[in-house]
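Student: Here it is: the structure, laid out below.
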Amino acid sequence: MEKVVIIGSGCAGWTAALYTARADLKPLVLTGKQPGGLLTTTSIVENFPGFPEGVDGYELMTRMQKQAERFGARASFGLVEAVDFSKQPFGLTVDGEKVEAETVIIATGASHKHLDVPGEDLLETKGVTYCATCDGALPVFRNQPLVVVGGGDSACEEALYLTRFGSVVHLVHRRDSLRASKIMQERVHAHTKIQPVWDSAVTEILDVKQDKVTGVRLKNLKTNAESTLDAAGLFVAIGHEPNTCLFKGVIDMDKDGYIIPKKGTATNVPGVFVAGDCSDRVYRQAVTAAGMGCAAAIEAERYLADREH
């Protein structure tokens, strides 16, 4: 039986692993289907303390994993299919196998939101993508007009990254101004390859008949005017949704599925703790996720110590 099982392997998960490993609890980290979390899809992280020149997201997560493993954390690339938090020890089904744990730290993070418009699902991987740093350099996008949807930091970062490859990058946003941080807004407005498309929403992705993205259909939200924009690729960057479906009906959540801590990082189930973007709808930063992972680890350690006494 495991003393600590950590579900998720992003900043929160590996920080929790580091702290519980240094407490000699030998945590088991279940990485899920995206080891390292969403940060592995980020080309450069400029706001994580200790890296004045910035750091590649994948490299940062690899370093975190190695640091935690140095103290005894163990990684398993299994996917959690079900949990039973109704009794101690807790039960988890991981790729069909049973795992028992005295404590669990939920650090499942969040996933990209979809537009839910015609053509999106059928053209995914055929020009529709949710990660510019993963796919932007593909030959199909080079020297072609591209579209990014969104107005936050992620969308701005995607647009800036794509200027290396596309002939022009149209940044489509529902409002008349970006909601990204000031520095990101300045970079976007200063770049000659980025053309904002304000007050607009994508209503359809073209062209399913050709089995590839050829453009998008737009609707101006103020005038209701419709138009078409030629593009070889659509990059969706409209935010995230928490990966918490597994815990519905068991762990307290808000209406959008974000886990609500009861006190600190403790959930409504004693012995189950939460950290990172699956419970943070306000900050959603790598450094805050890491801080929450640290807190969850300390609380899990104290919970186990109290049980022993």
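Ordering of the structure tokens sets the chain letters (A, B, ...), residue numbers begin anew at 1 in every chain, and ligands are numbered from 1 in the order given.
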Give the strand (DSSP E or B) residues of stretch 120-165 of chain A, as DSSP finds them on the backbone, and put them as a PyMOL selection string.
Tutor: chain A and resi 124+128-129+145-149
Student: Would you mind exporting all heavy atoms of the selected residues as a short mmCIF file (atom, residue, chain, number, x, y, z; two decimals), in the first residue's frame?
Tutor:
```
data_model
loop_
_atom_site.label_atom_id
_atom_site.label_comp_id
_atom_site.auth_asym_id
_atom_site.auth_seq_id
_atom_site.Cartn_x
_atom_site.Cartn_y
_atom_site.Cartn_z
N GLU A 124 -9.53 18.29 -36.46
CA GLU A 124 -8.45 18.25 -35.47
C GLU A 124 -7.32 17.39 -36.00
O GLU A 124 -7.57 16.31 -36.55
CB GLU A 124 -8.96 17.70 -34.14
CG GLU A 124 -7.94 17.81 -33.02
CD GLU A 124 -8.51 17.51 -31.65
OE1 GLU A 124 -9.75 17.43 -31.50
OE2 GLU A 124 -7.71 17.32 -30.72
N VAL A 128 -6.52 22.01 -37.33
CA VAL A 128 -7.01 22.52 -36.04
C VAL A 128 -6.11 21.98 -34.94
O VAL A 128 -5.90 20.76 -34.86
CB VAL A 128 -8.47 22.09 -35.78
CG1 VAL A 128 -8.89 22.51 -34.37
CG2 VAL A 128 -9.40 22.71 -36.82
N THR A 129 -5.59 22.87 -34.12
CA THR A 129 -4.69 22.45 -33.06
C THR A 129 -4.87 23.35 -31.84
O THR A 129 -5.44 24.44 -31.93
CB THR A 129 -3.23 22.48 -33.53
OG1 THR A 129 -2.36 22.16 -32.44
CG2 THR A 129 -2.84 23.84 -34.07
N PRO A 145 -1.27 31.78 -44.16
CA PRO A 145 -2.04 32.58 -43.19
C PRO A 145 -2.58 31.67 -42.10
O PRO A 145 -3.08 30.57 -42.38
CB PRO A 145 -3.16 33.19 -44.04
CG PRO A 145 -3.30 32.27 -45.21
CD PRO A 145 -1.93 31.73 -45.48
N LEU A 146 -2.49 32.12 -40.86
CA LEU A 146 -2.92 31.32 -39.71
C LEU A 146 -3.88 32.14 -38.85
O LEU A 146 -3.86 33.37 -38.87
CB LEU A 146 -1.71 30.88 -38.88
CG LEU A 146 -0.61 30.13 -39.64
CD1 LEU A 146 0.59 29.90 -38.73
CD2 LEU A 146 -1.14 28.80 -40.18
N VAL A 147 -4.72 31.43 -38.08
CA VAL A 147 -5.66 32.09 -37.18
C VAL A 147 -5.46 31.57 -35.77
O VAL A 147 -5.36 30.36 -35.55
CB VAL A 147 -7.12 31.82 -37.62
CG1 VAL A 147 -8.11 32.33 -36.56
CG2 VAL A 147 -7.41 32.48 -38.95
N VAL A 148 -5.40 32.50 -34.82
CA VAL A 148 -5.38 32.16 -33.39
C VAL A 148 -6.65 32.74 -32.78
O VAL A 148 -7.00 33.90 -33.05
CB VAL A 148 -4.15 32.74 -32.67
CG1 VAL A 148 -4.24 32.48 -31.16
CG2 VAL A 148 -2.88 32.15 -33.24
N VAL A 149 -7.35 31.95 -31.97
CA VAL A 149 -8.57 32.42 -31.30
C VAL A 149 -8.29 32.56 -29.81
O VAL A 149 -7.84 31.62 -29.15
CB VAL A 149 -9.74 31.44 -31.51
CG1 VAL A 149 -11.00 31.98 -30.81
CG2 VAL A 149 -10.01 31.24 -32.99
#
```
Student: Would you kindly return, as JSON, numbers by chain, each protein, DNA or RNA residue with an atom no farther than 12 Å from any atom of A:Ile183, considering only C-alpha atoms and excluding same-chain residues fewer than 6 positions away?
Tutor: {"A": [46, 47, 152, 153, 156, 157, 189, 190]}
Student: If you keep all heavy atoms, can you produce a file of those selected residues as a short mmCIF file (atom, residue, chain, number, x, y, z; two decimals), in the first residue's frame?
Tutor:
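Generated output (part_10.cif):
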```cif
data_model
loop_
_atom_site.label_atom_id
_atom_site.label_comp_id
_atom_site.auth_asym_id
_atom_site.auth_seq_id
_atom_site.Cartn_x
_atom_site.Cartn_y
_atom_site.Cartn_z
N GLU A 46 8.89 32.46 -18.94
CA GLU A 46 9.71 33.59 -18.53
C GLU A 46 9.42 34.07 -17.12
O GLU A 46 10.13 34.95 -16.61
CB GLU A 46 9.50 34.76 -19.50
CG GLU A 46 9.97 34.48 -20.91
CD GLU A 46 9.77 35.68 -21.83
OE1 GLU A 46 8.68 36.30 -21.77
OE2 GLU A 46 10.69 35.98 -22.59
N ASN A 47 8.38 33.50 -16.48
CA ASN A 47 7.98 34.04 -15.18
C ASN A 47 8.07 33.02 -14.05
O ASN A 47 7.43 33.18 -13.02
CB ASN A 47 6.56 34.62 -15.25
CG ASN A 47 5.56 33.61 -15.80
OD1 ASN A 47 5.87 32.45 -16.00
ND2 ASN A 47 4.34 34.08 -16.06
N GLY A 152 -6.16 36.11 -24.22
CA GLY A 152 -5.35 36.10 -23.02
C GLY A 152 -3.87 35.89 -23.31
O GLY A 152 -3.44 35.92 -24.47
N ASP A 153 -3.09 35.66 -22.26
CA ASP A 153 -1.65 35.45 -22.43
C ASP A 153 -1.34 34.27 -23.34
O ASP A 153 -0.42 34.33 -24.16
CB ASP A 153 -0.99 35.24 -21.06
CG ASP A 153 -0.71 36.54 -20.33
OD1 ASP A 153 -0.94 37.61 -20.93
OD2 ASP A 153 -0.25 36.49 -19.19
N CYS A 156 -1.87 35.18 -26.97
CA CYS A 156 -0.81 36.09 -27.42
C CYS A 156 0.49 35.34 -27.64
O CYS A 156 1.21 35.58 -28.62
CB CYS A 156 -0.62 37.22 -26.41
SG CYS A 156 -1.99 38.38 -26.35
N GLU A 157 0.80 34.45 -26.72
CA GLU A 157 2.02 33.66 -26.85
C GLU A 157 1.96 32.79 -28.10
O GLU A 157 2.94 32.67 -28.85
CB GLU A 157 2.23 32.78 -25.62
CG GLU A 157 3.52 31.98 -25.68
CD GLU A 157 3.73 31.08 -24.47
OE1 GLU A 157 2.97 31.21 -23.50
OE2 GLU A 157 4.66 30.27 -24.52
N HIS A 189 0.90 43.92 -30.25
CA HIS A 189 0.58 45.13 -31.02
C HIS A 189 1.80 45.64 -31.79
O HIS A 189 1.66 46.31 -32.82
CB HIS A 189 0.06 46.22 -30.10
CG HIS A 189 -1.31 45.93 -29.55
ND1 HIS A 189 -2.37 45.57 -30.36
CD2 HIS A 189 -1.81 45.94 -28.27
CE1 HIS A 189 -3.45 45.37 -29.62
NE2 HIS A 189 -3.14 45.58 -28.35
N ALA A 190 3.00 45.30 -31.29
CA ALA A 190 4.21 45.78 -31.94
C ALA A 190 4.63 44.91 -33.13
O ALA A 190 5.45 45.31 -33.94
CB ALA A 190 5.35 45.85 -30.93
#
```
Student: Identify which of the residues A:Gly276, A:Asp24, A:Val104, A:Glu241 lies closest to A:Ala290, counting only C-alpha atoms when measuring atom-to-atom distances.
Tutor: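 Going through A:Gly276, A:Asp24, A:Val104, A:Glu241 one by one, the smallest distance to A:Ala290 is for A:Gly276.
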Student: Check the smallest atom-to-atom distance from each of A:Arg281, A:His112, A:Lys193, A:Lys209 to A:Ile259 using only C-alpha atoms, then report the winner.
Tutor: A:Arg281
Student: Which residues, written as an MDAnalysis selection string, have at least one atom at most 10 Å from A:Lys66, with only C-alpha atoms counted and residues fewer than 6 positions away on the same chain left out?
Tutor: chainID A and resid 14 18 72:73
Student: Please compute the atom CA of A:Arg284-atom CA of A:Ala21 distance, one decimal, in Å.
Tutor: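 Between atom CA of A:Arg284 and atom CA of A:Ala21 the gap works out to 24.7 Å.
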Student: Tell me which of A:Asp280, A:Glu97, A:Asp121, A:Asp306 sits closest to A:Asp256, counting only C-alpha atoms.
Tutor: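 Closest to A:Asp256 of all the choices is A:Asp280.
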Student: Please tabulate, as a Markdown table, the residues of stretch 192-248 of chain A that come within 12 Å of stretch 33-44 of chain A, each with its closest pair of atoms and the distance in Å to one decimal, counting only C-alpha atoms and ordering rows by chain, then residue number upward.
Tutor:
```
| residue | atom | partner | partner_atom | distance |
| --- | --- | --- | --- | --- |
| A:Gly239 | CA | A:Leu38 | CA | 11.7 |
| A:His240 | CA | A:Leu38 | CA | 10.1 |
| A:Glu241 | CA | A:Leu38 | CA | 11.9 |
| A:Pro242 | CA | A:Leu38 | CA | 11.8 |
| A:Asn243 | CA | A:Gly37 | CA | 11.1 |
```
Student: Save the residues we just selected, C-alpha atoms, as a compact mmCIF listing (two decimals), in the first residue's frame?
Tutor:
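This is the output file result_15.txt:
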```
# COMPACT_ATOMS: atom_id res chain seq x y z
CA GLY A 239 -8.68 28.88 -21.81
CA HIS A 240 -8.94 25.64 -19.94
CA GLU A 241 -11.33 23.42 -18.03
CA PRO A 242 -10.36 21.42 -14.93
CA ASN A 243 -9.67 17.71 -15.32
```
Student: Mind checking which residues fall within 8 Å of A:Ile106, counting only C-alpha atoms, ignoring those fewer than 5 positions away in the same chain, and posting them as a PyMOL selection string?
Tutor: chain A and resi 6-8+13+272-275
